[in-house]
Amino acid sequence: MQSGQLLVMLKTPVLGAVKTRLAASIGAEGALHIYQQLLRNTIRTVAESRWPTQIWWTGEAAALPAFPTGFALHEQPAGDLGQRMGAAFAHSFTRFPDQPAVIIGTDCWTLSTQILDAAFEALQHHQTVLGPATDGGYYLLGMRQWYPELMEGIAWSTAKVAAQTSARIAALDLSCHTLVAMNDIDTLEDLLQTPLRYEIDKKL
């Protein structure tokens, strides 16, 4: 049976600490409301998948939501996004050296179990897998083994992330399968492209 580790990077849902770019348009309460919807959707999708899951959280421990039994919980270390994701990957490959690892966040409303299955399936034939976001970032990155160079020298939280990561994959001469591009929700423009618009209409 195919094996693999699913790593989920998330912030605990705290007013004023999540979706700050979105909050500039709809306020901190509206942004928290949307983030809670995204977080619940991600947890539900991951729980419905068959992949062993590690939750890597940051924020206020008291605000941690309930997770399904069997999820492994780890607090993210200090550092930029690349350092924190790198720590999650390094831990997974140390603990499960023979299992590929796929990392996701909580910003993609359309993430599905089918996409997760496709990512792990791709890692049977490729060394990496990338799920690009329409804003130039990525919603998913997977590796068959640990390549720390993919976490280094990336302009995190910019529209260059996916392109720089793809270039780094190519420079390392690694094979890569690219998944369908999907929308991350970081701004009001992103939000208005999703069914969550109805949720926010009640808050505007």
# chains A, B, ... in the order shown; residues from 1 in each chain; ligands from 1
$ residues_around --residues "A:Leu10" --least-positions-apart "3" --cutoff "12 Å" --atoms "only C-alpha atoms" --output "short mmCIF file (atom, residue, chain, number, x, y, z; two decimals) with C-alpha atoms, in the first residue's frame"
data_model
loop_
_atom_site.label_atom_id
_atom_site.label_comp_id
_atom_site.auth_asym_id
_atom_site.auth_seq_id
_atom_site.Cartn_x
_atom_site.Cartn_y
_atom_site.Cartn_z
CA LEU A 7 1.97 18.17 6.51
CA PRO A 13 -7.66 31.44 14.48
CA VAL A 14 -7.10 34.62 16.49
CA ALA A 17 -3.59 37.65 13.55
CA VAL A 18 -4.92 35.92 10.43
CA LYS A 19 -5.63 37.04 6.86
CA TYR A 35 -10.16 32.09 7.88
CA GLN A 36 -12.28 29.91 10.16
CA LEU A 38 -10.97 27.90 5.28
CA LEU A 39 -9.49 26.16 8.31
CA ARG A 40 -12.55 23.98 8.84
CA THR A 42 -9.00 22.13 5.14
CA ILE A 43 -9.34 19.98 8.27
CA GLN A 54 0.93 16.19 10.80
CA ILE A 55 -0.45 19.56 11.91
CA TRP A 56 2.22 22.26 12.18
CA TRP A 57 0.67 25.20 13.99
CA THR A 58 1.70 28.67 15.07
CA GLY A 59 -0.10 31.27 17.15
CA GLU A 60 -1.93 31.01 20.45
CA ALA A 61 -2.10 27.45 21.75
CA ALA A 63 -7.00 28.87 20.15
CA LEU A 64 -6.10 25.51 18.62
CA PRO A 65 -9.23 23.91 17.10
CA LEU A 73 0.47 18.12 16.45
CA HIS A 74 3.71 20.12 16.28
CA GLU A 75 4.35 23.77 17.03
CA GLN A 76 6.17 25.58 14.25
CA LEU A 81 8.06 30.57 6.10
CA ARG A 84 9.29 26.70 9.20
CA MET A 85 8.24 24.53 6.27
CA ALA A 88 8.33 20.27 9.03
CA ILE A 103 2.91 20.11 2.52
CA ILE A 104 -0.17 22.35 2.26
CA GLY A 105 -1.57 25.44 3.92
CA THR A 106 -5.15 26.45 4.68
CA ASP A 107 -5.75 29.11 2.01
#
$ residues_around --residues "A:Thr187" --least-positions-apart "6" --cutoff "8 Å" --atoms "only C-alpha atoms" --output "list in words"
Arg21, Leu22 and Ser25 of chain A
$ closest_residue --among "A:Thr178, A:Ala62, A:Gln145, A:Trp156" --to "A:Thr94" --atoms "only C-alpha atoms"
A:Gln145
$ residues_around --residues "A:Phe93" --least-positions-apart "6" --cutoff "9 Å" --atoms "only C-alpha atoms" --output "ChimeraX atom specification"
/A:99-101,145-146
$ write_last_selection --atoms "C-alpha atoms" --output "tab-separated table (two decimals), in the first residue's frame"
chain	number	residue	atom	x	y	z
A	99	GLN	CA	7.74	8.04	2.96
A	100	PRO	CA	7.21	10.99	0.62
A	101	ALA	CA	5.90	14.18	2.21
A	145	GLN	CA	13.04	12.82	-0.24
A	146	TRP	CA	14.30	15.89	1.58
$ residues_around --residues "A:Gly136" --least-positions-apart "3" --cutoff "8 Å" --atoms "only C-alpha atoms" --output "ChimeraX atom specification"
/A:132-133,158-163
$ closest_residue --among "A:Gln37, A:Thr45, A:Thr165, A:Gln127" --to "A:Ile115" --atoms "only C-alpha atoms"
A:Thr45
$ select_by_dssp --residues "stretch 47-126 of chain A" --states "strand (DSSP E or B)" --output "list in words"
Thr53, Gln54, Ile55, Trp56, Trp57, Thr58, Ala72, Leu73, His74, Glu75, Ala101, Val102, Ile103, Ile104 and Cys108 of chain A
$ closest_residue --among "A:Leu196, A:Met151, A:Ala78, A:Leu111" --to "A:His33" --atoms "only C-alpha atoms"
A:Leu196
$ select_by_dssp --residues "stretch 11-123 of chain A" --states "helix (DSSP H, G or I)" --output "number ranges by chain"
A: 20-48, 61-63, 81-95, 113-122
$ atom_distance --atom1 "atom CA of A:Trp51" --atom2 "atom CA of A:Arg95"
15.4 Å
$ residues_around --residues "A:Gly4" --least-positions-apart "6" --cutoff "12 Å" --atoms "only C-alpha atoms" --output "PDB file with C-alpha atoms, in the first residue's frame"
ATOM      1  CA  SER A  49      -8.222  11.690   2.961  1.00  0.00           C
ATOM      2  CA  ARG A  50      -6.326   8.507   3.747  1.00  0.00           C
ATOM      3  CA  TRP A  51      -2.979  10.150   4.443  1.00  0.00           C
ATOM      4  CA  PRO A  52      -1.334  10.259   7.885  1.00  0.00           C
ATOM      5  CA  THR A  53      -1.399  13.905   8.899  1.00  0.00           C
ATOM      6  CA  GLN A  54       0.930  16.194  10.804  1.00  0.00           C
ATOM      7  CA  PHE A  89       9.813  18.476   6.021  1.00  0.00           C
ATOM      8  CA  SER A  92       8.952  14.101   8.562  1.00  0.00           C
ATOM      9  CA  PHE A  93      11.851  12.665   6.586  1.00  0.00           C
ATOM     10  CA  ARG A  95      10.813  10.231  11.374  1.00  0.00           C
ATOM     11  CA  PHE A  96       9.572   8.539   8.170  1.00  0.00           C
ATOM     12  CA  PRO A  97      12.618   8.355   5.852  1.00  0.00           C
ATOM     13  CA  ASP A  98      10.971   6.065   3.312  1.00  0.00           C
ATOM     14  CA  GLN A  99       7.741   8.040   2.963  1.00  0.00           C
ATOM     15  CA  PRO A 100       7.212  10.994   0.624  1.00  0.00           C
ATOM     16  CA  ALA A 101       5.900  14.177   2.206  1.00  0.00           C
ATOM     17  CA  VAL A 102       3.395  16.711   0.899  1.00  0.00           C
ATOM     18  CA  ILE A 103       2.910  20.110   2.522  1.00  0.00           C
ATOM     19  CA  LEU A 116      -4.016  15.117  -2.403  1.00  0.00           C
ATOM     20  CA  ASP A 117      -4.198  11.641  -3.928  1.00  0.00           C
ATOM     21  CA  ALA A 119       0.068  14.611  -5.439  1.00  0.00           C
ATOM     22  CA  PHE A 120       1.106  11.405  -3.707  1.00  0.00           C
ATOM     23  CA  GLU A 121       0.515   9.404  -6.878  1.00  0.00           C
ATOM     24  CA  ALA A 122       2.823  11.800  -8.745  1.00  0.00           C
ATOM     25  CA  LEU A 123       5.560  11.191  -6.190  1.00  0.00           C
ATOM     26  CA  GLN A 124       5.657   7.535  -7.198  1.00  0.00           C
ATOM     27  CA  GLY A 142       5.701  17.492  -2.260  1.00  0.00           C
ATOM     28  CA  MET A 143       9.021  15.654  -2.225  1.00  0.00           C
ATOM     29  CA  ARG A 144      10.042  12.028  -2.436  1.00  0.00           C
ATOM     30  CA  GLN A 145      13.044  12.824  -0.237  1.00  0.00           C
TER      31      GLN A 145
END
$ decode --residues "stretch 35-181 of chain A" --atoms "C-alpha atoms" --output "PDB file, in the first residue's frame"
ATOM      1  CA  TYR A  35     -10.162  32.094   7.883  1.00  0.00           C
ATOM      2  CA  GLN A  36     -12.282  29.907  10.164  1.00  0.00           C
ATOM      3  CA  GLN A  37     -14.217  28.682   7.107  1.00  0.00           C
ATOM      4  CA  LEU A  38     -10.973  27.903   5.279  1.00  0.00           C
ATOM      5  CA  LEU A  39      -9.495  26.159   8.308  1.00  0.00           C
ATOM      6  CA  ARG A  40     -12.553  23.980   8.841  1.00  0.00           C
ATOM      7  CA  ASN A  41     -12.670  23.122   5.143  1.00  0.00           C
ATOM      8  CA  THR A  42      -8.998  22.127   5.142  1.00  0.00           C
ATOM      9  CA  ILE A  43      -9.342  19.983   8.267  1.00  0.00           C
ATOM     10  CA  ARG A  44     -12.424  18.285   6.833  1.00  0.00           C
ATOM     11  CA  THR A  45     -10.682  17.568   3.516  1.00  0.00           C
ATOM     12  CA  VAL A  46      -7.576  16.213   5.226  1.00  0.00           C
ATOM     13  CA  ALA A  47      -9.660  14.089   7.605  1.00  0.00           C
ATOM     14  CA  GLU A  48     -11.503  12.576   4.643  1.00  0.00           C
ATOM     15  CA  SER A  49      -8.222  11.690   2.961  1.00  0.00           C
ATOM     16  CA  ARG A  50      -6.326   8.507   3.747  1.00  0.00           C
ATOM     17  CA  TRP A  51      -2.979  10.150   4.443  1.00  0.00           C
ATOM     18  CA  PRO A  52      -1.334  10.259   7.885  1.00  0.00           C
ATOM     19  CA  THR A  53      -1.399  13.905   8.899  1.00  0.00           C
ATOM     20  CA  GLN A  54       0.930  16.194  10.804  1.00  0.00           C
ATOM     21  CA  ILE A  55      -0.453  19.557  11.910  1.00  0.00           C
ATOM     22  CA  TRP A  56       2.220  22.257  12.176  1.00  0.00           C
ATOM     23  CA  TRP A  57       0.673  25.199  13.987  1.00  0.00           C
ATOM     24  CA  THR A  58       1.703  28.669  15.071  1.00  0.00           C
ATOM     25  CA  GLY A  59      -0.104  31.271  17.148  1.00  0.00           C
ATOM     26  CA  GLU A  60      -1.929  31.012  20.453  1.00  0.00           C
ATOM     27  CA  ALA A  61      -2.099  27.448  21.746  1.00  0.00           C
ATOM     28  CA  ALA A  62      -5.384  28.182  23.529  1.00  0.00           C
ATOM     29  CA  ALA A  63      -7.002  28.870  20.148  1.00  0.00           C
ATOM     30  CA  LEU A  64      -6.103  25.510  18.617  1.00  0.00           C
ATOM     31  CA  PRO A  65      -9.229  23.913  17.103  1.00  0.00           C
ATOM     32  CA  ALA A  66     -10.183  20.305  17.657  1.00  0.00           C
ATOM     33  CA  PHE A  67      -8.543  17.833  15.288  1.00  0.00           C
ATOM     34  CA  PRO A  68      -9.481  14.249  14.420  1.00  0.00           C
ATOM     35  CA  THR A  69      -7.899  11.500  16.468  1.00  0.00           C
ATOM     36  CA  GLY A  70      -4.565  10.429  15.068  1.00  0.00           C
ATOM     37  CA  PHE A  71      -3.366  13.799  13.827  1.00  0.00           C
ATOM     38  CA  ALA A  72       0.150  14.567  15.095  1.00  0.00           C
ATOM     39  CA  LEU A  73       0.473  18.122  16.450  1.00  0.00           C
ATOM     40  CA  HIS A  74       3.708  20.117  16.281  1.00  0.00           C
ATOM     41  CA  GLU A  75       4.349  23.770  17.033  1.00  0.00           C
ATOM     42  CA  GLN A  76       6.169  25.582  14.251  1.00  0.00           C
ATOM     43  CA  PRO A  77       9.653  26.820  15.175  1.00  0.00           C
ATOM     44  CA  ALA A  78      10.757  30.420  14.777  1.00  0.00           C
ATOM     45  CA  GLY A  79      11.896  31.631  11.382  1.00  0.00           C
ATOM     46  CA  ASP A  80      10.544  32.697   8.015  1.00  0.00           C
ATOM     47  CA  LEU A  81       8.063  30.573   6.102  1.00  0.00           C
ATOM     48  CA  GLY A  82      10.790  28.625   4.332  1.00  0.00           C
ATOM     49  CA  GLN A  83      12.543  27.797   7.588  1.00  0.00           C
ATOM     50  CA  ARG A  84       9.288  26.702   9.197  1.00  0.00           C
ATOM     51  CA  MET A  85       8.236  24.527   6.272  1.00  0.00           C
ATOM     52  CA  GLY A  86      11.759  23.186   6.077  1.00  0.00           C
ATOM     53  CA  ALA A  87      11.570  22.145   9.719  1.00  0.00           C
ATOM     54  CA  ALA A  88       8.334  20.273   9.032  1.00  0.00           C
ATOM     55  CA  PHE A  89       9.813  18.476   6.021  1.00  0.00           C
ATOM     56  CA  ALA A  90      13.051  17.662   7.868  1.00  0.00           C
ATOM     57  CA  HIS A  91      11.138  16.231  10.832  1.00  0.00           C
ATOM     58  CA  SER A  92       8.952  14.101   8.562  1.00  0.00           C
ATOM     59  CA  PHE A  93      11.851  12.665   6.586  1.00  0.00           C
ATOM     60  CA  THR A  94      13.783  11.981   9.780  1.00  0.00           C
ATOM     61  CA  ARG A  95      10.813  10.231  11.374  1.00  0.00           C
ATOM     62  CA  PHE A  96       9.572   8.539   8.170  1.00  0.00           C
ATOM     63  CA  PRO A  97      12.618   8.355   5.852  1.00  0.00           C
ATOM     64  CA  ASP A  98      10.971   6.065   3.312  1.00  0.00           C
ATOM     65  CA  GLN A  99       7.741   8.040   2.963  1.00  0.00           C
ATOM     66  CA  PRO A 100       7.212  10.994   0.624  1.00  0.00           C
ATOM     67  CA  ALA A 101       5.900  14.177   2.206  1.00  0.00           C
ATOM     68  CA  VAL A 102       3.395  16.711   0.899  1.00  0.00           C
ATOM     69  CA  ILE A 103       2.910  20.110   2.522  1.00  0.00           C
ATOM     70  CA  ILE A 104      -0.174  22.345   2.257  1.00  0.00           C
ATOM     71  CA  GLY A 105      -1.566  25.438   3.923  1.00  0.00           C
ATOM     72  CA  THR A 106      -5.146  26.453   4.676  1.00  0.00           C
ATOM     73  CA  ASP A 107      -5.748  29.111   2.009  1.00  0.00           C
ATOM     74  CA  CYS A 108      -7.104  26.981  -0.836  1.00  0.00           C
ATOM     75  CA  TRP A 109     -10.894  26.541  -0.716  1.00  0.00           C
ATOM     76  CA  THR A 110     -10.932  24.102  -3.652  1.00  0.00           C
ATOM     77  CA  LEU A 111      -8.374  21.676  -2.217  1.00  0.00           C
ATOM     78  CA  SER A 112      -9.791  18.159  -2.416  1.00  0.00           C
ATOM     79  CA  THR A 113      -8.921  14.592  -1.486  1.00  0.00           C
ATOM     80  CA  GLN A 114      -8.517  13.945  -5.208  1.00  0.00           C
ATOM     81  CA  ILE A 115      -5.800  16.611  -5.430  1.00  0.00           C
ATOM     82  CA  LEU A 116      -4.016  15.117  -2.403  1.00  0.00           C
ATOM     83  CA  ASP A 117      -4.198  11.641  -3.928  1.00  0.00           C
ATOM     84  CA  ALA A 118      -2.886  13.002  -7.227  1.00  0.00           C
ATOM     85  CA  ALA A 119       0.068  14.611  -5.439  1.00  0.00           C
ATOM     86  CA  PHE A 120       1.106  11.405  -3.707  1.00  0.00           C
ATOM     87  CA  GLU A 121       0.515   9.404  -6.878  1.00  0.00           C
ATOM     88  CA  ALA A 122       2.823  11.800  -8.745  1.00  0.00           C
ATOM     89  CA  LEU A 123       5.560  11.191  -6.190  1.00  0.00           C
ATOM     90  CA  GLN A 124       5.657   7.535  -7.198  1.00  0.00           C
ATOM     91  CA  HIS A 125       7.026   8.654 -10.562  1.00  0.00           C
ATOM     92  CA  HIS A 126       8.576  12.087  -9.907  1.00  0.00           C
ATOM     93  CA  GLN A 127      10.928  13.471  -7.291  1.00  0.00           C
ATOM     94  CA  THR A 128       8.768  16.520  -6.609  1.00  0.00           C
ATOM     95  CA  VAL A 129       5.217  17.738  -7.135  1.00  0.00           C
ATOM     96  CA  LEU A 130       4.027  21.348  -7.196  1.00  0.00           C
ATOM     97  CA  GLY A 131       0.535  22.805  -6.936  1.00  0.00           C
ATOM     98  CA  PRO A 132       0.804  26.394  -8.198  1.00  0.00           C
ATOM     99  CA  ALA A 133      -1.536  29.090  -6.941  1.00  0.00           C
ATOM    100  CA  THR A 134      -2.954  31.647  -9.341  1.00  0.00           C
ATOM    101  CA  ASP A 135      -1.280  34.465  -7.378  1.00  0.00           C
ATOM    102  CA  GLY A 136       2.199  33.130  -8.129  1.00  0.00           C
ATOM    103  CA  GLY A 137       2.649  31.156  -4.929  1.00  0.00           C
ATOM    104  CA  TYR A 138       1.843  27.510  -4.398  1.00  0.00           C
ATOM    105  CA  TYR A 139      -0.810  25.675  -2.426  1.00  0.00           C
ATOM    106  CA  LEU A 140       1.082  22.353  -2.322  1.00  0.00           C
ATOM    107  CA  LEU A 141       4.638  21.105  -2.507  1.00  0.00           C
ATOM    108  CA  GLY A 142       5.701  17.492  -2.260  1.00  0.00           C
ATOM    109  CA  MET A 143       9.021  15.654  -2.225  1.00  0.00           C
ATOM    110  CA  ARG A 144      10.042  12.028  -2.436  1.00  0.00           C
ATOM    111  CA  GLN A 145      13.044  12.824  -0.237  1.00  0.00           C
ATOM    112  CA  TRP A 146      14.303  15.894   1.579  1.00  0.00           C
ATOM    113  CA  TYR A 147      15.653  18.644  -0.672  1.00  0.00           C
ATOM    114  CA  PRO A 148      16.459  21.561   1.696  1.00  0.00           C
ATOM    115  CA  GLU A 149      17.500  23.758  -1.261  1.00  0.00           C
ATOM    116  CA  LEU A 150      13.814  24.132  -2.165  1.00  0.00           C
ATOM    117  CA  MET A 151      13.294  26.132   1.031  1.00  0.00           C
ATOM    118  CA  GLU A 152      16.245  28.466   0.517  1.00  0.00           C
ATOM    119  CA  GLY A 153      16.537  31.738  -1.395  1.00  0.00           C
ATOM    120  CA  ILE A 154      12.802  32.018  -2.127  1.00  0.00           C
ATOM    121  CA  ALA A 155      11.036  35.402  -1.937  1.00  0.00           C
ATOM    122  CA  TRP A 156       8.252  34.150   0.342  1.00  0.00           C
ATOM    123  CA  SER A 157       4.810  35.787   0.237  1.00  0.00           C
ATOM    124  CA  THR A 158       5.414  37.208  -3.241  1.00  0.00           C
ATOM    125  CA  ALA A 159       4.228  36.363  -6.747  1.00  0.00           C
ATOM    126  CA  LYS A 160       7.656  34.839  -7.457  1.00  0.00           C
ATOM    127  CA  VAL A 161       7.403  31.838  -5.122  1.00  0.00           C
ATOM    128  CA  ALA A 162       6.185  29.182  -7.577  1.00  0.00           C
ATOM    129  CA  ALA A 163       8.480  30.352 -10.385  1.00  0.00           C
ATOM    130  CA  GLN A 164      11.520  30.472  -8.117  1.00  0.00           C
ATOM    131  CA  THR A 165      10.696  27.053  -6.685  1.00  0.00           C
ATOM    132  CA  SER A 166      10.275  25.590 -10.179  1.00  0.00           C
ATOM    133  CA  ALA A 167      13.607  27.114 -11.204  1.00  0.00           C
ATOM    134  CA  ARG A 168      15.274  25.624  -8.145  1.00  0.00           C
ATOM    135  CA  ILE A 169      13.790  22.203  -8.926  1.00  0.00           C
ATOM    136  CA  ALA A 170      15.151  22.456 -12.452  1.00  0.00           C
ATOM    137  CA  ALA A 171      18.569  23.613 -11.239  1.00  0.00           C
ATOM    138  CA  LEU A 172      18.768  20.540  -9.017  1.00  0.00           C
ATOM    139  CA  ASP A 173      17.831  18.378 -12.035  1.00  0.00           C
ATOM    140  CA  LEU A 174      14.804  16.975 -10.217  1.00  0.00           C
ATOM    141  CA  SER A 175      11.725  15.686 -11.973  1.00  0.00           C
ATOM    142  CA  CYS A 176       8.512  17.540 -11.148  1.00  0.00           C
ATOM    143  CA  HIS A 177       4.819  16.974 -11.763  1.00  0.00           C
ATOM    144  CA  THR A 178       2.730  20.152 -11.821  1.00  0.00           C
ATOM    145  CA  LEU A 179      -0.840  19.973 -10.564  1.00  0.00           C
ATOM    146  CA  VAL A 180      -3.719  22.162 -11.718  1.00  0.00           C
ATOM    147  CA  ALA A 181      -3.394  25.807 -10.673  1.00  0.00           C
TER     148      ALA A 181
END
